[in-house]
file final.cif (mmCIF, C-alpha atoms)
data_data
#
loop_
_atom_site.label_atom_id
_atom_site.label_comp_id
_atom_site.auth_asym_id
_atom_site.auth_seq_id
_atom_site.Cartn_x
_atom_site.Cartn_y
_atom_site.Cartn_z
CA MET X 1176 62.79 -23.37 -7.09
CA ASN X 1177 59.22 -22.01 -6.96
CA LYS X 1178 58.05 -25.21 -5.30
CA ILE X 1179 60.52 -24.71 -2.45
CA LEU X 1180 59.58 -21.03 -2.11
CA TYR X 1181 55.89 -21.86 -1.75
CA ALA X 1182 56.54 -24.80 0.58
CA LEU X 1183 58.68 -22.85 3.09
CA PRO X 1184 55.93 -20.52 4.44
CA ALA X 1185 53.55 -23.46 4.90
CA TYR X 1186 56.17 -25.51 6.75
CA GLN X 1187 57.28 -22.57 8.91
CA SER X 1188 53.74 -21.56 9.89
CA ALA X 1189 52.85 -25.14 10.79
CA ALA X 1190 55.94 -25.45 13.00
CA ILE X 1191 55.27 -22.12 14.73
CA ALA X 1192 51.61 -23.06 15.25
CA PHE X 1193 52.67 -26.32 16.89
CA LEU X 1194 55.10 -24.53 19.24
CA LEU X 1195 52.63 -21.80 20.18
CA ILE X 1196 49.72 -24.13 20.90
CA LEU X 1197 51.84 -26.49 22.99
CA ASN X 1198 53.44 -23.61 24.88
CA GLY X 1199 50.07 -21.91 25.33
CA ILE X 1200 48.55 -25.06 26.82
CA LYS X 1201 51.55 -25.56 29.10
CA MET X 1202 51.61 -21.93 30.30
CA GLY X 1203 47.84 -21.51 30.36
CA SER X 1204 48.10 -18.66 27.85
CA ARG X 1205 44.97 -18.22 25.75
CA ALA X 1206 46.76 -15.52 23.77
CA ARG X 1207 49.46 -17.92 22.58
CA ILE X 1208 46.88 -20.54 21.71
CA LEU X 1209 45.02 -17.96 19.60
CA MET X 1210 48.22 -16.99 17.81
CA GLY X 1211 48.90 -20.69 17.29
CA VAL X 1212 45.49 -21.09 15.63
CA PHE X 1213 46.24 -18.01 13.51
CA GLN X 1214 49.53 -19.56 12.39
CA PHE X 1215 47.76 -22.86 11.66
CA PHE X 1216 45.34 -21.15 9.28
CA CYS X 1217 48.31 -19.37 7.71
CA ALA X 1218 49.79 -22.82 7.09
CA VAL X 1219 46.52 -23.94 5.46
CA TYR X 1220 46.50 -20.88 3.20
CA PHE X 1221 50.17 -21.26 2.24
CA SER X 1222 49.57 -24.95 1.56
CA PHE X 1223 46.85 -23.94 -0.90
CA ASN X 1224 49.33 -21.63 -2.66
CA PHE X 1225 51.89 -24.44 -2.73
CA LEU X 1226 49.40 -26.88 -4.24
CA TYR X 1227 48.47 -24.29 -6.86
CA ALA X 1228 52.15 -23.76 -7.70
CA ILE X 1229 52.71 -27.49 -8.29
CA HIS X 1230 49.34 -27.85 -10.10
CA ASN X 1231 48.00 -30.51 -7.75
CA TYR X 1232 44.37 -29.92 -8.67
CA ASP X 1233 43.02 -32.97 -6.90
CA ALA X 1234 44.23 -31.56 -3.56
CA LEU X 1235 43.12 -28.06 -4.55
CA ILE X 1236 39.59 -29.29 -5.20
CA ALA X 1237 39.49 -30.87 -1.74
CA LEU X 1238 40.80 -27.72 -0.05
CA TYR X 1239 39.10 -24.93 -1.99
CA TYR X 1240 35.76 -25.17 -0.18
CA VAL X 1241 37.32 -23.88 3.07
CA ILE X 1242 39.95 -21.51 1.70
CA LEU X 1243 37.75 -18.39 1.52
CA PRO X 1244 36.57 -18.80 5.14
CA VAL X 1245 40.21 -19.34 6.18
CA ILE X 1246 41.20 -16.05 4.56
CA LEU X 1247 38.33 -14.27 6.31
CA LEU X 1248 39.47 -15.68 9.66
CA PHE X 1249 42.94 -14.09 9.58
CA LEU X 1250 42.06 -10.60 10.77
CA PRO X 1251 39.43 -11.65 13.36
CA LEU X 1252 41.86 -14.16 14.89
CA PHE X 1253 44.66 -11.62 14.98
CA TYR X 1254 42.35 -9.10 16.65
CA LEU X 1255 41.26 -11.68 19.24
CA TYR X 1256 44.93 -12.38 19.92
CA LEU X 1257 45.47 -8.67 20.56
CA LEU X 1258 42.41 -8.61 22.79
CA ALA X 1259 43.74 -11.60 24.76
CA ILE X 1260 47.23 -10.16 25.17
CA THR X 1261 45.89 -6.79 26.36
CA THR X 1262 43.23 -8.14 28.73
CA PRO X 1263 44.35 -9.52 32.11
CA GLY X 1264 42.67 -12.87 32.76
CA PHE X 1265 41.20 -12.99 29.24
CA THR X 1266 38.38 -15.50 28.72
CA PHE X 1267 36.20 -16.26 25.70
CA HIS X 1268 32.67 -14.91 25.57
CA ARG X 1269 29.78 -15.55 23.23
CA SER X 1270 30.20 -12.06 21.82
CA HIS X 1271 33.62 -13.03 20.44
CA PHE X 1272 32.05 -15.51 18.03
CA ARG X 1273 30.40 -12.72 16.05
CA HIS X 1274 33.82 -12.05 14.52
CA PHE X 1275 33.54 -15.40 12.73
CA ILE X 1276 30.18 -14.64 11.08
CA PRO X 1277 31.66 -13.54 7.69
CA ALA X 1278 33.73 -16.73 7.48
CA VAL X 1279 30.70 -18.90 8.26
CA LEU X 1280 28.51 -17.05 5.75
CA PHE X 1281 31.04 -17.48 2.95
CA LEU X 1282 31.50 -21.12 3.87
CA LEU X 1283 27.76 -21.54 3.26
CA ALA X 1284 27.90 -19.37 0.13
CA ASN X 1285 30.68 -21.59 -1.24
CA THR X 1286 28.66 -24.77 -0.73
CA PRO X 1287 27.54 -25.03 -4.42
CA PHE X 1288 31.19 -25.73 -5.27
CA LEU X 1289 30.77 -29.15 -3.65
CA PHE X 1290 28.03 -30.05 -6.15
CA ALA X 1291 29.87 -28.87 -9.27
CA GLY X 1292 31.12 -31.46 -11.72
CA MET X 1293 34.79 -32.40 -11.79
CA HIS X 1294 35.24 -30.72 -15.16
CA GLU X 1295 33.72 -27.46 -13.84
CA LYS X 1296 35.88 -27.55 -10.72
CA LEU X 1297 39.06 -28.10 -12.72
CA GLY X 1298 38.16 -25.33 -15.15
CA TYR X 1299 37.37 -22.91 -12.35
CA LEU X 1300 40.55 -23.60 -10.38
CA SER X 1301 42.86 -23.69 -13.40
CA GLN X 1302 41.48 -20.66 -15.23
CA GLY X 1303 39.40 -18.75 -12.69
CA LEU X 1304 38.72 -15.15 -13.71
CA ALA X 1305 40.77 -15.56 -16.89
CA SER X 1306 38.24 -17.91 -18.46
CA SER X 1307 36.28 -16.34 -21.32
CA SER X 1308 33.15 -18.43 -20.83
CA HIS X 1309 31.53 -19.51 -17.59
CA SER X 1310 28.60 -21.66 -16.66
CA GLY X 1311 26.05 -20.22 -14.27
CA LEU X 1312 27.60 -22.08 -11.33
CA ILE X 1313 31.12 -20.93 -12.11
CA SER X 1314 29.92 -17.34 -12.54
CA TYR X 1315 28.30 -17.59 -9.12
CA LEU X 1316 31.52 -18.92 -7.53
CA ILE X 1317 33.49 -16.08 -9.10
CA ILE X 1318 31.05 -13.55 -7.65
CA VAL X 1319 31.43 -15.15 -4.21
CA TYR X 1320 35.22 -15.05 -4.53
CA VAL X 1321 35.31 -11.41 -5.64
CA ALA X 1322 32.88 -10.39 -2.89
CA ALA X 1323 35.07 -12.05 -0.26
CA ILE X 1324 38.51 -10.92 -1.46
CA PHE X 1325 37.70 -7.46 -2.80
CA GLY X 1326 34.65 -6.66 -0.69
CA ILE X 1327 34.66 -8.19 2.80
CA LEU X 1328 38.43 -8.49 3.27
CA PRO X 1329 39.17 -4.76 2.72
CA LEU X 1330 36.31 -3.87 5.07
CA GLN X 1331 37.78 -6.22 7.66
CA LEU X 1332 41.16 -4.59 7.23
CA ILE X 1333 39.73 -1.13 7.92
CA LEU X 1334 37.57 -2.28 10.84
CA TYR X 1335 40.21 -4.34 12.63
CA PHE X 1336 42.96 -1.82 12.03
CA TYR X 1337 40.79 0.79 13.76
CA LYS X 1338 39.92 -1.60 16.61
CA ALA X 1339 43.55 -2.64 17.00
CA ILE X 1340 44.65 0.98 17.36
CA GLY X 1341 42.10 1.37 20.16
CA LEU X 1342 43.43 -1.76 21.89
CA TYR X 1343 46.99 -0.51 21.53
CA ARG X 1344 46.16 2.81 23.17
CA ARG X 1345 44.27 1.11 25.99
CA HIS X 1346 47.14 -1.31 26.52
CA ARG X 1347 49.71 1.49 26.58
CA ASN X 1348 47.73 3.35 29.25
CA TYR X 1349 47.24 0.16 31.26
CA ILE X 1350 50.97 -0.57 31.27
CA GLN X 1351 51.82 2.95 32.38
CA ASP X 1352 49.30 2.72 35.22
CA HIS X 1353 50.37 -0.74 36.44
CA TYR X 1354 53.98 -1.44 35.47
CA SER X 1355 57.36 0.23 35.86
CA TYR X 1356 58.76 -1.46 32.76
CA THR X 1357 57.66 -2.25 29.21
CA GLU X 1358 60.02 -5.06 28.18
CA ASN X 1359 58.09 -8.04 26.74
CA ILE X 1360 54.69 -6.54 27.63
CA SER X 1361 54.50 -3.55 25.29
CA LEU X 1362 52.92 -3.87 21.86
CA ASN X 1363 55.20 -1.56 19.89
CA TRP X 1364 55.94 -4.47 17.58
CA ILE X 1365 52.25 -4.65 16.75
CA LEU X 1366 52.32 -1.17 15.20
CA ALA X 1367 55.18 -2.12 12.89
CA LEU X 1368 53.44 -5.36 11.96
CA MET X 1369 50.08 -3.68 11.33
CA VAL X 1370 51.59 -1.06 9.05
CA SER X 1371 53.56 -3.75 7.20
CA LEU X 1372 50.45 -5.90 6.74
CA VAL X 1373 48.37 -2.98 5.48
CA LEU X 1374 51.04 -1.90 2.98
CA PHE X 1375 51.58 -5.46 1.83
CA PHE X 1376 47.85 -6.09 1.44
CA LEU X 1377 47.24 -2.87 -0.49
CA SER X 1378 50.23 -3.51 -2.76
CA ASN X 1379 49.14 -7.07 -3.40
CA GLN X 1380 45.57 -6.07 -4.22
CA MET X 1381 46.57 -3.19 -6.49
CA LEU X 1382 49.13 -5.24 -8.39
CA TYR X 1383 46.63 -8.06 -8.81
CA LEU X 1384 43.91 -5.73 -10.06
CA PHE X 1385 46.20 -4.06 -12.61
CA GLY X 1386 47.80 -7.31 -13.75
CA TYR X 1387 51.36 -6.55 -12.69
CA GLU X 1388 51.74 -9.45 -10.28
CA ARG X 1389 53.89 -11.51 -12.62
CA THR X 1390 56.25 -8.67 -13.40
CA TYR X 1391 56.72 -6.95 -10.07
CA PHE X 1392 55.21 -9.20 -7.41
CA SER X 1393 57.31 -12.27 -8.05
CA PRO X 1394 56.96 -15.48 -6.04
CA LEU X 1395 60.35 -14.77 -4.47
CA ILE X 1396 59.27 -11.41 -3.02
CA TYR X 1397 55.84 -12.67 -1.98
CA ASN X 1398 57.07 -15.74 -0.16
CA MET X 1399 60.03 -14.03 1.46
CA VAL X 1400 57.71 -11.36 2.86
CA MET X 1401 55.36 -14.06 4.14
CA LEU X 1402 58.28 -15.89 5.77
CA VAL X 1403 59.42 -12.73 7.54
CA ILE X 1404 55.92 -11.75 8.72
CA THR X 1405 54.96 -15.17 10.07
CA LEU X 1406 58.35 -15.67 11.76
CA PHE X 1407 58.20 -12.18 13.28
CA THR X 1408 54.68 -12.65 14.65
CA GLY X 1409 55.51 -16.11 15.99
CA TYR X 1410 58.69 -14.94 17.72
CA CYS X 1411 56.98 -11.91 19.27
CA ALA X 1412 54.03 -14.02 20.42
CA LEU X 1413 56.39 -16.44 22.17
CA SER X 1414 58.29 -13.54 23.79
CA GLN X 1415 55.21 -11.55 24.80
CA LYS X 1416 54.18 -12.05 28.42
CA ASP X 1417 50.56 -12.20 29.50
CA LEU X 1418 49.44 -9.37 31.77
CA LYS X 1419 48.84 -10.18 35.41
CA SER X 1420 45.20 -10.68 36.26
CA LEU X 1421 43.86 -8.18 38.77
CA GLU X 1422 40.79 -10.30 39.45
CA VAL X 1423 41.81 -11.34 42.98
CA LYS X 1424 42.85 -7.86 44.02
CA GLU X 1425 39.78 -6.23 42.55
CA LYS X 1426 37.60 -8.51 44.69
CA ASP X 1427 38.99 -6.69 47.73
CA ASP X 1428 37.28 -3.44 46.71
CA GLN X 1429 34.19 -3.88 48.87
CA LEU X 1430 36.29 -4.92 51.85
CA LEU X 1431 38.52 -1.90 51.44
CA ILE X 1432 35.54 0.41 51.10
CA ALA X 1433 34.28 -0.83 54.43
CA GLU X 1434 37.74 -0.43 55.97
CA THR X 1435 37.99 3.19 54.91
CA LEU X 1436 34.93 3.91 57.01
CA THR X 1437 36.25 2.29 60.20
CA GLU X 1438 39.93 1.30 60.07
CA PRO X 1439 42.99 2.92 58.52
CA ILE X 1440 44.20 1.30 55.33
CA ILE X 1441 47.59 0.97 56.96
CA SER X 1442 47.67 0.27 60.67
CA GLY X 1443 48.52 3.29 62.74
CA THR X 1444 47.31 6.85 63.17
CA PRO X 1445 48.89 9.82 61.45
CA GLU X 1446 50.79 10.52 64.66
CA ASN X 1447 52.17 6.98 64.75
CA VAL X 1448 53.12 7.23 61.11
CA MET X 1449 54.97 10.46 61.84
CA ALA X 1450 56.89 8.75 64.61
CA GLU X 1451 57.69 5.60 62.62
CA THR X 1452 58.59 7.07 59.23
CA GLY X 1453 62.24 7.77 58.62
CA SER X 1454 63.84 10.55 56.66
CA GLY X 1455 63.47 10.52 52.92
CA LEU X 1456 63.81 12.42 49.71
CA SER X 1457 61.26 14.44 47.83
CA LEU X 1458 60.34 13.51 44.30
CA SER X 1459 62.94 15.93 43.00
CA GLY X 1460 65.65 14.08 44.87
CA ASN X 1461 66.67 16.90 47.23
CA GLU X 1462 67.18 15.94 50.86
CA VAL X 1463 64.59 17.31 53.26
CA ASN X 1464 64.10 17.19 57.01
CA LYS X 1465 61.78 14.44 58.24
CA SER X 1466 59.64 16.75 60.32
CA GLU X 1467 59.24 19.18 57.43
CA ARG X 1468 58.13 16.35 55.15
CA VAL X 1469 55.70 14.91 57.68
CA ASN X 1470 54.29 18.29 58.62
CA THR X 1471 53.68 19.02 54.96
CA VAL X 1472 52.02 15.66 54.39
CA PHE X 1473 49.69 15.87 57.37
CA ASN X 1474 48.93 19.57 57.24
CA PRO X 1475 45.11 19.72 57.04
CA SER X 1476 45.36 22.56 54.56
CA THR X 1477 47.14 20.41 52.00
CA ASP X 1478 44.11 18.47 50.80
CA LEU X 1479 44.70 16.55 47.60
CA PRO X 1480 42.67 17.58 44.57
CA VAL X 1481 40.07 15.07 43.46
CA SER X 1482 39.98 14.62 39.70
CA SER X 1483 36.78 13.66 37.92
CA LYS X 1484 38.37 10.26 37.26
CA TYR X 1485 38.27 9.52 41.00
CA ALA X 1486 35.19 11.54 41.93
CA GLY X 1487 33.38 8.46 43.24
CA SER X 1488 36.34 7.03 45.14
CA PRO X 1489 35.64 6.19 48.83
CA LEU X 1490 39.28 6.88 49.73
CA SER X 1491 39.32 9.58 52.43
CA GLU X 1492 41.84 12.42 52.60
CA GLN X 1493 43.34 10.97 55.79
CA ARG X 1494 44.00 7.62 54.13
CA LYS X 1495 45.47 9.33 51.09
CA LEU X 1496 47.99 11.09 53.31
CA ILE X 1497 48.91 7.87 55.09
CA ILE X 1498 49.43 6.09 51.75
CA ILE X 1499 51.57 8.98 50.50
CA ASP X 1500 53.82 8.90 53.55
CA HIS X 1501 54.32 5.14 53.47
CA LEU X 1502 54.79 5.23 49.71
CA THR X 1503 57.52 7.84 50.11
CA THR X 1504 59.24 5.63 52.68
CA LEU X 1505 59.13 2.65 50.31
CA MET X 1506 60.78 4.72 47.62
CA THR X 1507 63.37 6.67 49.61
CA SER X 1508 64.29 4.21 52.36
CA ASP X 1509 63.54 0.76 50.93
CA LYS X 1510 64.22 1.85 47.34
CA ILE X 1511 61.84 -0.74 45.96
CA PHE X 1512 62.08 1.00 42.58
CA THR X 1513 65.34 -0.93 42.03
CA ASN X 1514 63.19 -4.02 41.35
CA GLU X 1515 63.10 -3.97 37.56
CA LYS X 1516 59.82 -5.94 37.47
CA LEU X 1517 58.05 -3.71 40.00
CA SER X 1518 54.31 -3.35 39.45
CA VAL X 1519 51.56 -1.41 41.16
CA GLU X 1520 50.33 -4.72 42.57
CA ASP X 1521 53.69 -5.18 44.34
CA VAL X 1522 53.48 -1.70 45.86
CA ALA X 1523 49.87 -2.18 46.92
CA ALA X 1524 50.80 -5.46 48.61
CA ARG X 1525 53.59 -3.74 50.55
CA LEU X 1526 51.18 -1.00 51.62
CA GLY X 1527 48.37 -3.42 52.41
CA THR X 1528 45.93 -1.57 50.20
CA ASN X 1529 44.28 -1.65 46.79
CA THR X 1530 45.95 -1.03 43.43
CA LYS X 1531 43.29 1.52 42.50
CA TYR X 1532 44.05 3.57 45.59
CA VAL X 1533 47.79 3.54 44.91
CA SER X 1534 47.21 4.71 41.33
CA GLN X 1535 44.76 7.37 42.53
CA VAL X 1536 47.18 8.80 45.07
CA ILE X 1537 50.10 8.87 42.62
CA ASN X 1538 47.96 10.50 39.95
CA GLU X 1539 46.42 13.13 42.23
CA ARG X 1540 49.50 13.94 44.31
CA TYR X 1541 52.20 13.89 41.64
CA GLY X 1542 50.27 14.18 38.39
CA LYS X 1543 52.01 11.06 37.09
CA ASN X 1544 51.10 7.53 36.15
CA PHE X 1545 52.82 4.63 37.92
CA TYR X 1546 55.37 4.10 35.12
CA ASN X 1547 56.59 7.70 35.15
CA TYR X 1548 56.48 7.90 38.95
CA ILE X 1549 58.77 4.89 39.46
CA ASN X 1550 61.12 5.77 36.62
CA THR X 1551 61.54 9.28 38.02
CA PHE X 1552 63.02 7.75 41.17
CA ARG X 1553 65.21 5.48 39.08
CA VAL X 1554 66.56 8.38 37.06
CA GLU X 1555 67.22 10.42 40.22
CA GLU X 1556 69.10 7.49 41.73
CA ALA X 1557 71.13 7.20 38.53
CA GLN X 1558 71.89 10.92 38.71
CA ARG X 1559 73.22 10.53 42.24
CA ILE X 1560 75.42 7.63 41.18
CA LEU X 1561 76.73 9.53 38.16
CA ILE X 1562 77.43 12.71 40.13
CA SER X 1563 79.30 10.73 42.80
CA GLY X 1564 81.64 9.33 40.16
CA GLY X 1565 79.83 6.06 39.60
CA TRP X 1566 80.34 6.36 35.86
CA GLU X 1567 84.06 5.73 36.47
CA LYS X 1568 83.33 2.46 38.33
CA TYR X 1569 80.38 1.10 36.37
CA SER X 1570 79.25 0.98 32.78
CA MET X 1571 76.04 2.73 31.81
CA ILE X 1572 74.23 -0.59 31.48
CA GLY X 1573 75.52 -1.51 34.94
CA ILE X 1574 74.11 1.69 36.41
CA ALA X 1575 70.84 1.16 34.55
CA LEU X 1576 70.45 -2.31 36.07
CA MET X 1577 71.44 -1.05 39.53
CA VAL X 1578 68.63 1.52 39.63
CA GLY X 1579 65.96 -0.82 38.24
CA PHE X 1580 65.92 -0.45 34.46
CA GLY X 1581 65.75 -3.66 32.49
CA SER X 1582 67.72 -2.45 29.48
CA LYS X 1583 70.04 0.32 28.39
CA SER X 1584 67.53 1.57 25.82
CA SER X 1585 64.77 2.07 28.42
CA PHE X 1586 67.30 3.75 30.72
CA ASN X 1587 68.43 6.18 28.03
CA SER X 1588 64.91 7.02 26.86
CA SER X 1589 63.60 7.62 30.41
CA PHE X 1590 66.68 9.62 31.39
CA LYS X 1591 66.34 11.81 28.30
CA ARG X 1592 62.60 12.30 28.82
CA ILE X 1593 62.91 13.26 32.49
CA THR X 1594 66.13 15.33 32.46
CA GLY X 1595 66.30 16.53 28.87
CA GLN X 1596 69.77 14.98 28.58
CA THR X 1597 71.22 11.60 27.82
CA PRO X 1598 73.24 9.98 30.63
CA SER X 1599 76.48 10.77 28.80
CA GLU X 1600 75.47 14.41 28.34
CA PHE X 1601 74.54 14.60 32.03
CA VAL X 1602 77.99 13.31 33.04
CA LYS X 1603 79.72 15.85 30.81
CA SER X 1604 77.64 18.75 32.11
CA ASN X 1605 78.39 17.81 35.74
CA SER X 1606 82.06 16.91 35.41
#
call {"tool": "encode", "arguments": {"input": "final.cif", "output": "C-alpha cells"}}
result
Amino acid sequence: MNKILYALPAYQSAAIAFLLILNGIKMGSRARILMGVFQFFCAVYFSFNFLYAIHNYDALIALYYVILPVILLFLPLFYLYLLAITTPGFTFHRSHFRHFIPAVLFLLANTPFLFAGMHEKLGYLSQGLASSSHSGLISYLIIVYVAAIFGILPLQLILYFYKAIGLYRRHRNYIQDHYSYTENISLNWILALMVSLVLFFLSNQMLYLFGYERTYFSPLIYNMVMLVITLFTGYCALSQKDLKSLEVKEKDDQLLIAETLTEPIISGTPENVMAETGSGLSLSGNEVNKSERVNTVFNPSTDLPVSSKYAGSPLSEQRKLIIIDHLTTLMTSDKIFTNEKLSVEDVAARLGTNTKYVSQVINERYGKNFYNYINTFRVEEAQRILISGGWEKYSMIGIALMVGFGSKSSFNSSFKRITGQTPSEFVKSNS
C-alpha cells in the first residue's frame, strides 16, 4: 500500500509537467512552462521518496547527488512562475538566475558524495542521522544536508513568501487598473496555496525534529496532501490566463505626447464634441440633460485635479475633458461595459488614445480604478433591469451576464460592495 501511495504523487506530477510544458510551448506561455518545470522537479523529488520507500538503494545512490539542489529549486521556481504570470510580456533576464545560486552551491557542496565508497553511501542513505558513528565524509554530508533543509530552505520560505505577497499586491492593483473582470486572471488561489504550503512545511519540519513523524505524519496523510497540492497548482496553472502585454501600446507614448501639443487626442474640437455627443447618464445612473452634461464637462472652471501620481503627465486639461465626454458616451450610449472581457486597452482603442491617459482620467475624475468604474455601470444597469421587473423575466445569473459580469459570484460581490445590498435584498426593498 505504501508503495502505491509514494508512487502516485510522482506519477501525477510527471503527467502534469508534461501537459503544462506542451501547452506552454503551444500557447507561447512562459508561465506555464515554468510551472511545468516546477512540477517536473516535484516528480523527481517524489520519485526519490518512492525509491526510499521501496528500499531501492542503487537508484537512490544515483539520484541523491541532485536531490538537495532540486529541493532548493522549488521556491525559486514557484516565485518565477508568479513573476511570469503577473508580468505582461514576461521574458527571462540574467538577474533571474541569481535565484538558482543556493541550488548550484549545494550541488557543488554535495560533490564529495560522488567519491564516497559504496559502503559509505549505503550506510548514509539507509541510516542517515540515526547512525551512531560516522566517518569524516559522512559527517560532512550530514552537515550539508542539515544546512540545506533546516537552514537555507526556511530562509527561502520566508524570503519568497514576502516577495510573493508583494507580487500579489502589485498584480491585484494591475488588474483593477486594466481589467473589468478577475475570472482566470486573479491570484486569489495563490494566497490559499501559500498559506497551505507554509503550514504544511512548518508542521513537517516540527514533527521531523521532535520525532513524531511516524506517529502523526503518516505516509497516507503526507502523500494525500502532496497529491492535492500538486493537482491544485497544476489545474490552476492551466486555467490561469497570461496578462495582455502592453508593450505595443506603450510604444505609442512618445507619439501621443507629441499629439497633445498639436492635435486633439480624439478628432474634433470641444464644440464639435458637444454637437456630436448624445444624451447620457451620470455615474450615479440618473438621467441628465445633454446640454447640462456638456456644459459641466467643458466649463473652464471645472479643471480636474492632478494627483502626484500623474504630476508629470503631458495630458492637457482640454484633452482630459474630451476623453471624459467620449468615455461617457461609450458607457451610456454604446454600453460597452456589457462586454464581460472589457479591458482598458479596449476602451483606449475605441477612444484612439493611450491606456495610461484613460486610467488617469478615470482616476482623477471619478476617484476610481478601471475595475470599479466599469462595474459601477454594470451594477447600475442591473438596478434598472431589476426595478423595471426584469427579475420576473430573467434569473439573477441571466441579469449578471446581460450587464457584463462573468459569473454570479462576481455580480453579487460587486453589487453588495457598490449598493450595500445583495441583488435579492435590492429587489425586496424596491418591490
call {"tool": "resolve_selection", "arguments": {"input": "final.cif", "expression": "the PyMOL selection byres ((chain X and resi 1279-1290) around 12)", "output": "ChimeraX atom specification"}}
result
/X:1236-1248,1272-1278,1291-1297,1299-1300,1311-1324,1326-1328
call {"tool": "resolve_selection", "arguments": {"input": "final.cif", "expression": "the PyMOL selection byres ((chain X and resi 1564-1571) around 12)", "output": "ChimeraX atom specification"}}
result
/X:1556-1563,1572-1578,1580,1582-1587,1590,1597-1599,1601-1603,1605-1606
call {"tool": "residues_around", "arguments": {"input": "final.cif", "residues": "Leu1255 of chain X", "least_positions_apart": "6", "cutoff": "12 Å", "atoms": "only C-alpha atoms", "output": "list in words"}}
result
Arg1205, Ala1206, Arg1207, Ile1208, Leu1209, Met1210, Gly1211, Val1212, Phe1213, Leu1248, Phe1249, Thr1261, Thr1262, Phe1265, Thr1266, Phe1267, His1268, Ser1270, His1271, Phe1272, Arg1273, His1274, Phe1275, Tyr1335, Lys1338, Ala1339 and Leu1342 of chain X
call {"tool": "write_last_selection", "arguments": {"input": "final.cif", "atoms": "C-alpha atoms", "output": "PDB file, in the frame of the given file"}}
result
ATOM      1  CA  ARG X1205      44.970 -18.220  25.750  1.00  0.00           C
ATOM      2  CA  ALA X1206      46.760 -15.520  23.770  1.00  0.00           C
ATOM      3  CA  ARG X1207      49.460 -17.920  22.580  1.00  0.00           C
ATOM      4  CA  ILE X1208      46.880 -20.540  21.710  1.00  0.00           C
ATOM      5  CA  LEU X1209      45.020 -17.960  19.600  1.00  0.00           C
ATOM      6  CA  MET X1210      48.220 -16.990  17.810  1.00  0.00           C
ATOM      7  CA  GLY X1211      48.900 -20.690  17.290  1.00  0.00           C
ATOM      8  CA  VAL X1212      45.490 -21.090  15.630  1.00  0.00           C
ATOM      9  CA  PHE X1213      46.240 -18.010  13.510  1.00  0.00           C
ATOM     10  CA  LEU X1248      39.470 -15.680   9.660  1.00  0.00           C
ATOM     11  CA  PHE X1249      42.940 -14.090   9.580  1.00  0.00           C
ATOM     12  CA  THR X1261      45.890  -6.790  26.360  1.00  0.00           C
ATOM     13  CA  THR X1262      43.230  -8.140  28.730  1.00  0.00           C
ATOM     14  CA  PHE X1265      41.200 -12.990  29.240  1.00  0.00           C
ATOM     15  CA  THR X1266      38.380 -15.500  28.720  1.00  0.00           C
ATOM     16  CA  PHE X1267      36.200 -16.260  25.700  1.00  0.00           C
ATOM     17  CA  HIS X1268      32.670 -14.910  25.570  1.00  0.00           C
ATOM     18  CA  SER X1270      30.200 -12.060  21.820  1.00  0.00           C
ATOM     19  CA  HIS X1271      33.620 -13.030  20.440  1.00  0.00           C
ATOM     20  CA  PHE X1272      32.050 -15.510  18.030  1.00  0.00           C
ATOM     21  CA  ARG X1273      30.400 -12.720  16.050  1.00  0.00           C
ATOM     22  CA  HIS X1274      33.820 -12.050  14.520  1.00  0.00           C
ATOM     23  CA  PHE X1275      33.540 -15.400  12.730  1.00  0.00           C
ATOM     24  CA  TYR X1335      40.210  -4.340  12.630  1.00  0.00           C
ATOM     25  CA  LYS X1338      39.920  -1.600  16.610  1.00  0.00           C
ATOM     26  CA  ALA X1339      43.550  -2.640  17.000  1.00  0.00           C
ATOM     27  CA  LEU X1342      43.430  -1.760  21.890  1.00  0.00           C
TER      28      LEU X1342
END
call {"tool": "residues_around", "arguments": {"input": "final.cif", "residues": "Ser1414 of chain X", "least_positions_apart": "6", "cutoff": "10 Å", "atoms": "only C-alpha atoms", "output": "list in words"}}
result
Arg1207, Glu1358, Asn1359, Ile1360 and Thr1408 of chain X
call {"tool": "closest_residue", "arguments": {"input": "final.cif", "among": "X:Tyr1410, X:Phe1376, X:Leu1362, X:Glu1492", "to": "Asn1348 of chain X", "atoms": "all atoms listed in the file"}}
result
X:Leu1362
call {"tool": "closest_residue", "arguments": {"input": "final.cif", "among": "X:Arg1347, X:His1353, X:Arg1553, X:Arg1540", "to": "Thr1594 of chain X", "atoms": "all atoms listed in the file"}}
result
X:Arg1553
call {"tool": "closest_residue", "arguments": {"input": "final.cif", "among": "X:Ala1189, X:Val1536, X:Ala1234, X:Ile1593", "to": "Thr1405 of chain X", "atoms": "only C-alpha atoms"}}
result
X:Ala1189
call {"tool": "residues_around", "arguments": {"input": "final.cif", "residues": "Ile1499 of chain X", "least_positions_apart": "3", "cutoff": "9 Å", "atoms": "all atoms listed in the file", "output": "list in words"}}
result
Val1472, Arg1494, Lys1495, Leu1496, Leu1502, Thr1503, Thr1504, Val1533, Val1536, Ile1537 and Arg1540 of chain X
call {"tool": "write_last_selection", "arguments": {"input": "final.cif", "atoms": "C-alpha atoms", "output": "mmCIF file, keeping the file's coordinate frame"}}
result
data_model
loop_
_atom_site.group_PDB
_atom_site.id
_atom_site.type_symbol
_atom_site.label_atom_id
_atom_site.label_comp_id
_atom_site.auth_asym_id
_atom_site.auth_seq_id
_atom_site.Cartn_x
_atom_site.Cartn_y
_atom_site.Cartn_z
ATOM 1 C CA VAL X 1472 52.020 15.660 54.390
ATOM 2 C CA ARG X 1494 44.000 7.620 54.130
ATOM 3 C CA LYS X 1495 45.470 9.330 51.090
ATOM 4 C CA LEU X 1496 47.990 11.090 53.310
ATOM 5 C CA LEU X 1502 54.790 5.230 49.710
ATOM 6 C CA THR X 1503 57.520 7.840 50.110
ATOM 7 C CA THR X 1504 59.240 5.630 52.680
ATOM 8 C CA VAL X 1533 47.790 3.540 44.910
ATOM 9 C CA VAL X 1536 47.180 8.800 45.070
ATOM 10 C CA ILE X 1537 50.100 8.870 42.620
ATOM 11 C CA ARG X 1540 49.500 13.940 44.310
#
call {"tool": "closest_residue", "arguments": {"input": "final.cif", "among": "X:Tyr1546, X:Tyr1186, X:Tyr1485, X:Trp1364", "to": "Phe1512 of chain X", "atoms": "all atoms listed in the file"}}
result
X:Tyr1546
call {"tool": "resolve_selection", "arguments": {"input": "final.cif", "expression": "the PyMOL selection byres ((chain X and resi 1525) around 10)", "output": "ChimeraX atom specification"}}
result
/X:1441,1501-1502,1505,1511,1519-1524,1526-1528
